[in-house]
$ cat data.csv   # CSV, C-alpha atoms
chain,number,residue,atom,x,y,z
A,247,MET,CA,138.4,70.9,34.6
A,248,SER,CA,136.9,74.2,33.5
A,249,ALA,CA,134.0,75.8,35.4
A,250,HIS,CA,131.6,75.2,32.5
A,251,THR,CA,132.5,71.5,32.4
A,252,LEU,CA,132.2,71.2,36.2
A,253,LEU,CA,128.7,72.6,36.3
A,254,ALA,CA,127.5,70.6,33.3
A,255,GLU,CA,128.7,67.3,34.8
A,256,SER,CA,127.8,67.9,38.4
A,257,GLY,CA,124.4,69.6,37.9
A,258,CYS,CA,125.4,72.0,40.6
A,259,HIS,CA,122.7,74.7,41.3
A,260,LEU,CA,121.8,77.0,44.1
A,261,PHE,CA,120.0,75.2,47.0
A,262,THR,CA,121.4,71.8,46.0
A,263,GLY,CA,124.0,71.8,48.8
A,264,CYS,CA,127.0,72.7,46.6
A,265,GLY,CA,128.9,75.9,46.7
A,266,PHE,CA,129.4,78.2,43.8
A,267,PRO,CA,132.2,76.8,41.7
A,268,ALA,CA,133.9,80.1,41.0
A,269,PRO,CA,136.0,80.1,37.8
A,270,GLY,CA,139.7,80.8,38.2
A,271,LEU,CA,142.9,79.9,36.5
A,272,ASN,CA,141.5,76.5,35.8
A,273,SER,CA,139.5,78.1,33.0
A,274,PHE,CA,142.7,78.8,31.2
A,275,ASP,CA,144.4,75.5,31.6
A,276,PHE,CA,143.8,72.6,29.2
A,277,LYS,CA,145.1,69.1,29.3
A,278,PRO,CA,147.1,67.9,26.3
A,279,PHE,CA,145.0,66.0,23.8
A,280,LEU,CA,147.8,65.0,21.5
A,281,THR,CA,151.5,64.3,21.8
A,282,ILE,CA,153.9,64.3,18.8
A,283,GLY,CA,157.6,63.6,19.4
A,284,GLY,CA,157.4,64.7,23.0
A,285,LEU,CA,155.5,67.9,22.1
A,286,GLU,CA,152.1,68.1,23.8
A,287,PHE,CA,149.3,69.9,22.0
A,288,THR,CA,146.7,71.7,24.0
A,289,LYS,CA,143.6,73.6,22.9
A,290,PRO,CA,145.3,77.0,22.8
A,291,MET,CA,148.0,75.6,20.7
A,292,LEU,CA,145.5,74.1,18.3
A,293,LEU,CA,143.6,77.4,18.1
A,294,SER,CA,146.8,79.4,17.3
A,295,VAL,CA,147.6,76.9,14.5
A,296,ILE,CA,144.0,77.2,13.1
A,297,CYS,CA,144.3,81.0,13.3
A,298,MET,CA,147.5,80.9,11.4
A,299,VAL,CA,146.1,78.7,8.7
A,300,ILE,CA,143.0,80.9,8.4
A,301,VAL,CA,145.1,84.1,7.9
A,302,VAL,CA,147.6,82.5,5.5
A,303,GLY,CA,144.9,80.6,3.6
A,304,PHE,CA,142.6,83.5,3.2
A,305,PHE,CA,145.2,85.9,1.8
A,306,TRP,CA,146.6,83.2,-0.4
A,307,LEU,CA,143.2,82.4,-1.9
A,308,ALA,CA,142.4,86.1,-2.2
A,309,PHE,CA,145.5,87.1,-4.1
A,310,ARG,CA,146.8,83.9,-5.8
A,311,LYS,CA,145.2,85.1,-9.1
A,312,PRO,CA,144.6,88.8,-8.7
A,313,LYS,CA,142.3,90.4,-11.2
A,314,LEU,CA,141.8,94.0,-12.3
A,315,VAL,CA,138.1,93.7,-11.3
A,316,PRO,CA,138.4,91.8,-8.0
A,317,GLY,CA,136.1,89.0,-7.1
A,318,LYS,CA,134.4,88.9,-3.7
A,319,LEU,CA,137.3,87.2,-1.9
A,320,GLN,CA,139.9,89.5,-3.4
A,321,LEU,CA,137.8,92.5,-2.6
A,322,ILE,CA,137.6,91.6,1.0
A,323,GLY,CA,141.3,91.0,1.1
A,324,GLU,CA,142.0,94.3,-0.5
A,325,ILE,CA,139.7,96.1,2.0
A,326,GLY,CA,141.6,94.6,4.9
A,327,TYR,CA,145.0,95.3,3.4
A,328,ASN,CA,144.1,98.9,2.5
A,329,PHE,CA,142.7,99.5,6.0
A,330,ILE,CA,146.1,98.7,7.5
A,331,ALA,CA,148.0,100.5,4.8
A,332,ARG,CA,146.0,103.8,4.9
A,333,SER,CA,144.9,104.0,8.5
A,334,ILE,CA,148.1,102.7,10.2
A,335,ALA,CA,151.2,102.2,8.1
A,336,ARG,CA,151.2,105.4,5.9
A,337,GLU,CA,149.4,107.5,8.6
A,338,VAL,CA,152.0,106.7,11.3
A,339,ILE,CA,155.2,105.8,9.4
A,340,GLY,CA,154.8,108.0,6.4
A,341,LYS,CA,155.9,107.3,2.8
A,342,GLU,CA,158.2,104.5,4.0
A,343,GLY,CA,155.3,102.7,5.6
A,344,SER,CA,154.3,100.9,2.4
A,345,LYS,CA,157.1,98.4,2.7
A,346,TYR,CA,155.9,97.4,6.2
A,347,VAL,CA,152.2,96.9,5.3
A,348,PRO,CA,152.5,93.1,4.8
A,349,PHE,CA,154.1,92.7,8.3
A,350,LEU,CA,151.5,94.9,9.9
A,351,THR,CA,148.6,93.2,8.1
A,352,SER,CA,149.8,89.8,9.2
A,353,ILE,CA,150.1,91.0,12.8
A,354,PHE,CA,146.7,92.6,12.9
A,355,PHE,CA,144.7,89.7,11.4
A,356,PHE,CA,146.5,87.0,13.3
A,357,VAL,CA,145.9,88.8,16.6
A,358,TRP,CA,142.3,89.6,15.7
A,359,ILE,CA,141.5,86.1,14.7
A,360,MET,CA,143.1,84.7,17.9
A,361,ASN,CA,141.1,87.2,19.9
A,362,ILE,CA,137.8,86.5,18.2
A,363,MET,CA,138.1,82.7,18.9
A,364,SER,CA,136.6,83.7,22.3
A,365,VAL,CA,133.1,84.0,20.8
A,366,ILE,CA,133.3,81.2,18.2
A,367,PRO,CA,131.3,78.2,19.1
A,368,LEU,CA,133.3,75.1,20.1
A,369,ALA,CA,136.5,77.2,20.3
A,370,GLN,CA,135.2,79.7,22.9
A,371,PHE,CA,138.7,80.6,24.1
A,372,PRO,CA,141.1,83.5,23.1
A,373,ALA,CA,144.6,82.1,22.6
A,374,THR,CA,146.0,85.5,23.5
A,375,SER,CA,144.6,85.1,27.1
A,376,ARG,CA,147.6,82.8,27.6
A,377,PHE,CA,150.6,85.0,28.3
A,378,ALA,CA,153.0,83.1,26.1
A,379,TYR,CA,151.3,84.1,22.9
A,380,PRO,CA,151.4,87.9,23.4
A,381,VAL,CA,155.0,87.5,24.6
A,382,VAL,CA,156.1,85.8,21.4
A,383,LEU,CA,154.2,88.4,19.3
A,384,ALA,CA,155.8,91.2,21.3
A,385,ALA,CA,159.2,89.6,20.9
A,386,CYS,CA,158.8,89.5,17.1
A,387,VAL,CA,157.9,93.2,17.2
A,388,TRP,CA,160.9,94.0,19.5
A,389,VAL,CA,163.3,92.1,17.3
A,390,THR,CA,162.0,94.0,14.2
A,391,TYR,CA,162.3,97.3,16.2
A,392,MET,CA,165.9,96.6,17.2
A,393,PHE,CA,166.9,95.4,13.7
A,394,LEU,CA,165.5,98.4,12.0
A,395,THR,CA,167.0,100.8,14.5
A,396,PHE,CA,170.5,99.6,14.0
A,397,LYS,CA,170.1,98.9,10.3
A,398,LYS,CA,168.9,102.5,9.6
A,399,ASN,CA,171.2,104.3,12.0
A,400,GLY,CA,174.2,102.1,12.4
A,401,LEU,CA,175.6,101.0,15.8
A,402,LYS,CA,176.4,104.5,17.2
A,403,GLY,CA,173.3,106.1,15.7
A,404,GLY,CA,171.1,103.2,16.8
A,405,VAL,CA,172.3,103.6,20.4
A,406,LYS,CA,171.7,107.3,20.2
A,407,ASN,CA,168.3,106.7,18.8
A,408,LEU,CA,167.4,104.5,21.8
A,409,VAL,CA,168.8,106.4,24.7
A,410,TRP,CA,169.9,109.9,23.8
A,411,ILE,CA,168.0,113.2,23.9
A,412,GLU,CA,169.8,116.4,22.7
A,413,GLY,CA,170.0,119.6,24.8
A,414,LEU,CA,169.7,118.1,28.2
A,415,PRO,CA,171.6,119.6,31.2
A,416,LYS,CA,174.7,117.5,31.8
A,417,PRO,CA,173.8,116.6,35.5
A,418,ILE,CA,170.6,114.7,34.4
A,419,VAL,CA,172.0,113.0,31.3
A,420,PRO,CA,172.9,109.7,33.1
A,421,LEU,CA,169.4,109.5,34.6
A,422,ILE,CA,167.6,110.2,31.3
A,423,VAL,CA,169.8,107.8,29.4
A,424,LEU,CA,168.9,105.1,31.9
A,425,LEU,CA,165.2,105.9,31.8
A,426,GLU,CA,165.2,106.0,28.0
A,427,PHE,CA,167.0,102.6,27.9
A,428,ILE,CA,164.4,101.1,30.3
A,429,GLN,CA,161.5,102.5,28.3
A,430,ASN,CA,162.7,101.7,24.8
A,431,VAL,CA,164.5,98.4,25.3
A,432,ILE,CA,162.7,96.8,28.3
A,433,THR,CA,159.2,98.2,29.0
A,434,ARG,CA,158.1,98.5,25.4
A,435,PRO,CA,157.9,94.8,24.6
A,436,PHE,CA,156.6,94.1,28.1
A,437,THR,CA,153.8,96.5,28.0
A,438,LEU,CA,152.9,95.5,24.5
A,439,ALA,CA,152.4,91.9,25.6
A,440,VAL,CA,150.7,92.7,28.9
A,441,ARG,CA,148.2,95.1,27.3
A,442,LEU,CA,146.9,92.4,24.9
A,443,TRP,CA,147.1,89.6,27.4
A,444,ALA,CA,145.4,91.4,30.3
A,445,ASN,CA,142.4,92.6,28.2
A,446,MET,CA,141.8,89.1,26.7
A,447,PHE,CA,142.3,87.4,30.1
A,448,ALA,CA,139.9,89.8,31.9
A,449,GLY,CA,137.3,89.7,29.1
A,450,HIS,CA,137.2,85.9,29.0
A,451,MET,CA,137.1,85.7,32.8
A,452,LEU,CA,134.0,88.0,33.0
A,453,ILE,CA,132.2,86.0,30.3
A,454,VAL,CA,132.9,82.7,32.1
A,455,MET,CA,131.9,84.2,35.5
A,456,PHE,CA,128.5,85.5,34.3
A,457,SER,CA,127.9,82.2,32.3
A,458,VAL,CA,128.6,80.1,35.4
A,459,ALA,CA,126.5,82.3,37.6
A,460,SER,CA,123.5,81.9,35.1
A,461,TRP,CA,123.7,78.1,35.4
A,462,TYR,CA,124.2,78.1,39.1
A,463,LEU,CA,121.3,80.4,39.9
A,464,LEU,CA,118.9,78.6,37.5
A,465,THR,CA,116.5,77.1,40.0
A,466,PRO,CA,112.6,76.9,40.2
A,467,SER,CA,112.6,80.0,42.5
A,468,ILE,CA,112.8,83.8,42.4
A,469,MET,CA,116.5,83.3,41.7
A,470,SER,CA,115.7,82.4,38.2
A,471,ALA,CA,115.2,86.1,37.5
A,472,VAL,CA,118.7,86.7,38.8
A,473,ALA,CA,119.9,83.9,36.6
A,474,ALA,CA,118.3,85.6,33.6
A,475,GLY,CA,119.9,88.9,34.5
A,476,SER,CA,123.3,87.1,34.7
A,477,PHE,CA,122.7,85.5,31.3
A,478,LEU,CA,121.9,88.9,29.8
A,479,LEU,CA,125.1,90.3,31.3
A,480,ALA,CA,127.0,87.4,29.8
A,481,ALA,CA,125.5,88.1,26.4
A,482,ALA,CA,126.2,91.9,26.7
A,483,MET,CA,129.8,91.1,27.8
A,484,THR,CA,130.2,88.9,24.8
A,485,ALA,CA,129.0,91.6,22.4
A,486,PHE,CA,131.3,94.1,24.1
A,487,GLU,CA,134.2,91.7,23.9
A,488,VAL,CA,133.8,91.5,20.1
A,489,LEU,CA,134.6,95.3,20.0
A,490,ILE,CA,137.5,94.9,22.5
A,491,GLN,CA,139.0,92.0,20.4
A,492,PHE,CA,139.1,94.3,17.3
A,493,LEU,CA,140.4,97.3,19.3
A,494,GLN,CA,143.2,95.3,20.9
A,495,ALA,CA,144.4,93.9,17.5
A,496,TYR,CA,144.3,97.5,16.2
A,497,ILE,CA,146.2,98.9,19.1
A,498,PHE,CA,148.8,96.2,19.0
A,499,THR,CA,149.3,96.9,15.3
A,500,LEU,CA,149.3,100.7,15.8
A,501,LEU,CA,151.9,100.5,18.5
A,502,THR,CA,154.0,98.2,16.3
A,503,SER,CA,153.9,100.9,13.5
A,504,ILE,CA,154.9,103.6,16.1
A,505,TYR,CA,157.9,101.5,17.1
A,506,ILE,CA,158.9,101.0,13.5
A,507,GLN,CA,158.5,104.7,12.8
A,508,GLY,CA,160.7,105.5,15.8
A,509,ALA,CA,163.3,103.0,14.6
A,510,ILE,CA,163.8,104.4,11.1
A,511,GLN,CA,163.9,108.1,12.2
A,512,GLU,CA,167.0,109.9,13.2
A,513,GLY,CA,168.0,110.1,16.9
A,514,HIS,CA,166.4,112.6,19.2
$ encode --input "data.csv" --output "structure tokens"
Amino acid sequence: MSAHTLLAESGCHLFTGCGFPAPGLNSFDFKPFLTIGGLEFTKPMLLSVICMVIVVGFFWLAFRKPKLVPGKLQLIGEIGYNFIARSIAREVIGKEGSKYVPFLTSIFFFVWIMNIMSVIPLAQFPATSRFAYPVVLAACVWVTYMFLTFKKNGLKGGVKNLVWIEGLPKPIVPLIVLLEFIQNVITRPFTLAVRLWANMFAGHMLIVMFSVASWYLLTPSIMSAVAAGSFLLAAAMTAFEVLIQFLQAYIFTLLTSIYIQGAIQEGH
């Protein structure tokens, strides 16, 4: 069980003879609550489905009957869409960026909503802190990157775009080709996934740690002051995490646009 559940059920506090139940990987594991056709549903899976429904449902409601003078929902949708279009797609990709705005907008809001579930009551868990979710998102970006690279440049031009740099001394060409291949084909999707996962994992772990410490130290003694300090740190970390959640969604989308820009340009 999670550290929060363990403390709430055991009444474990300092000076009661129990050790500090430090949170660990158990804070990220959830037992299945539903099984459909052999597929077991856990809390992170449910949250990811809810986030998908929120993103799809919001933009469908906002733009199902667009008006010249937008209503409140359409106005919010347009602000979000234009934010991605102007600050990321057209800024990074250029004139061709407009056609990729729907893809980038979907990525940004889906990642952001999954991140922000960490501070939503009852949810209180970022689905992106489970490595599988950033991996799947990074895989979608990688497939798009590869597809656009070879669609735009052809087979020969696509390979050249990925691994070749003009004007290199011949003795170091094999080394540079190998390094470019590793960087563009292997490490790009890996680092894209790890960056998002590591930030969400670490942020959630810190919030859980300070929350558990607040409960554990809450005793009728001087340690109550320490418990209050731990609680304030948990609140401060939660507020800071809200900023990180937005930034990680922005960075993930920005890097996606950089990869797309690199895919549709000519080789080095």
$ closest_residue --input "data.csv" --among "A:Leu280, A:Leu489, A:Met469, A:Leu350" --to "A:Thr390" --atoms "only C-alpha atoms"
A:Leu350
$ residues_around --input "data.csv" --residues "A:Lys289" --least-positions-apart "4" --cutoff "9 Å" --atoms "all atoms listed in the file" --output "list in words"
Asp275, Phe276, Lys277, Pro278, Phe279, Leu293, Ser294, Ala369, Phe371 and Ala373 of chain A
$ write_last_selection --input "data.csv" --atoms "C-alpha atoms" --output "mmCIF file, in the frame of the given file"
data_model
loop_
_atom_site.group_PDB
_atom_site.id
_atom_site.type_symbol
_atom_site.label_atom_id
_atom_site.label_comp_id
_atom_site.auth_asym_id
_atom_site.auth_seq_id
_atom_site.Cartn_x
_atom_site.Cartn_y
_atom_site.Cartn_z
ATOM 1 C CA ASP A 275 144.400 75.500 31.600
ATOM 2 C CA PHE A 276 143.800 72.600 29.200
ATOM 3 C CA LYS A 277 145.100 69.100 29.300
ATOM 4 C CA PRO A 278 147.100 67.900 26.300
ATOM 5 C CA PHE A 279 145.000 66.000 23.800
ATOM 6 C CA LEU A 293 143.600 77.400 18.100
ATOM 7 C CA SER A 294 146.800 79.400 17.300
ATOM 8 C CA ALA A 369 136.500 77.200 20.300
ATOM 9 C CA PHE A 371 138.700 80.600 24.100
ATOM 10 C CA ALA A 373 144.600 82.100 22.600
#
$ closest_residue --input "data.csv" --among "A:Phe287, A:Phe436, A:Phe266, A:Phe486" --to "A:Leu452" --atoms "all atoms listed in the file"
A:Phe486
$ atom_distance --input "data.csv" --atom1 "atom CA of A:Lys341" --atom2 "atom CA of A:Met298"
29.0 Å
$ residues_around --input "data.csv" --residues "A:Thr395" --least-positions-apart "4" --cutoff "12 Å" --atoms "all atoms listed in the file" --output "PyMOL selection string"
chain A and resi 388-391+399-409+430-431+505-513
$ residues_around --input "data.csv" --residues "A:Val423" --least-positions-apart "2" --cutoff "9 Å" --atoms "all atoms listed in the file" --output "PDB file with C-alpha atoms, in the coordinates of the input"
ATOM      1  CA  LEU A 408     167.400 104.500  21.800  1.00  0.00           C
ATOM      2  CA  VAL A 409     168.800 106.400  24.700  1.00  0.00           C
ATOM      3  CA  TRP A 410     169.900 109.900  23.800  1.00  0.00           C
ATOM      4  CA  ILE A 411     168.000 113.200  23.900  1.00  0.00           C
ATOM      5  CA  ILE A 418     170.600 114.700  34.400  1.00  0.00           C
ATOM      6  CA  VAL A 419     172.000 113.000  31.300  1.00  0.00           C
ATOM      7  CA  PRO A 420     172.900 109.700  33.100  1.00  0.00           C
ATOM      8  CA  LEU A 421     169.400 109.500  34.600  1.00  0.00           C
ATOM      9  CA  LEU A 425     165.200 105.900  31.800  1.00  0.00           C
ATOM     10  CA  GLU A 426     165.200 106.000  28.000  1.00  0.00           C
ATOM     11  CA  PHE A 427     167.000 102.600  27.900  1.00  0.00           C
ATOM     12  CA  ILE A 428     164.400 101.100  30.300  1.00  0.00           C
TER      13      ILE A 428
END
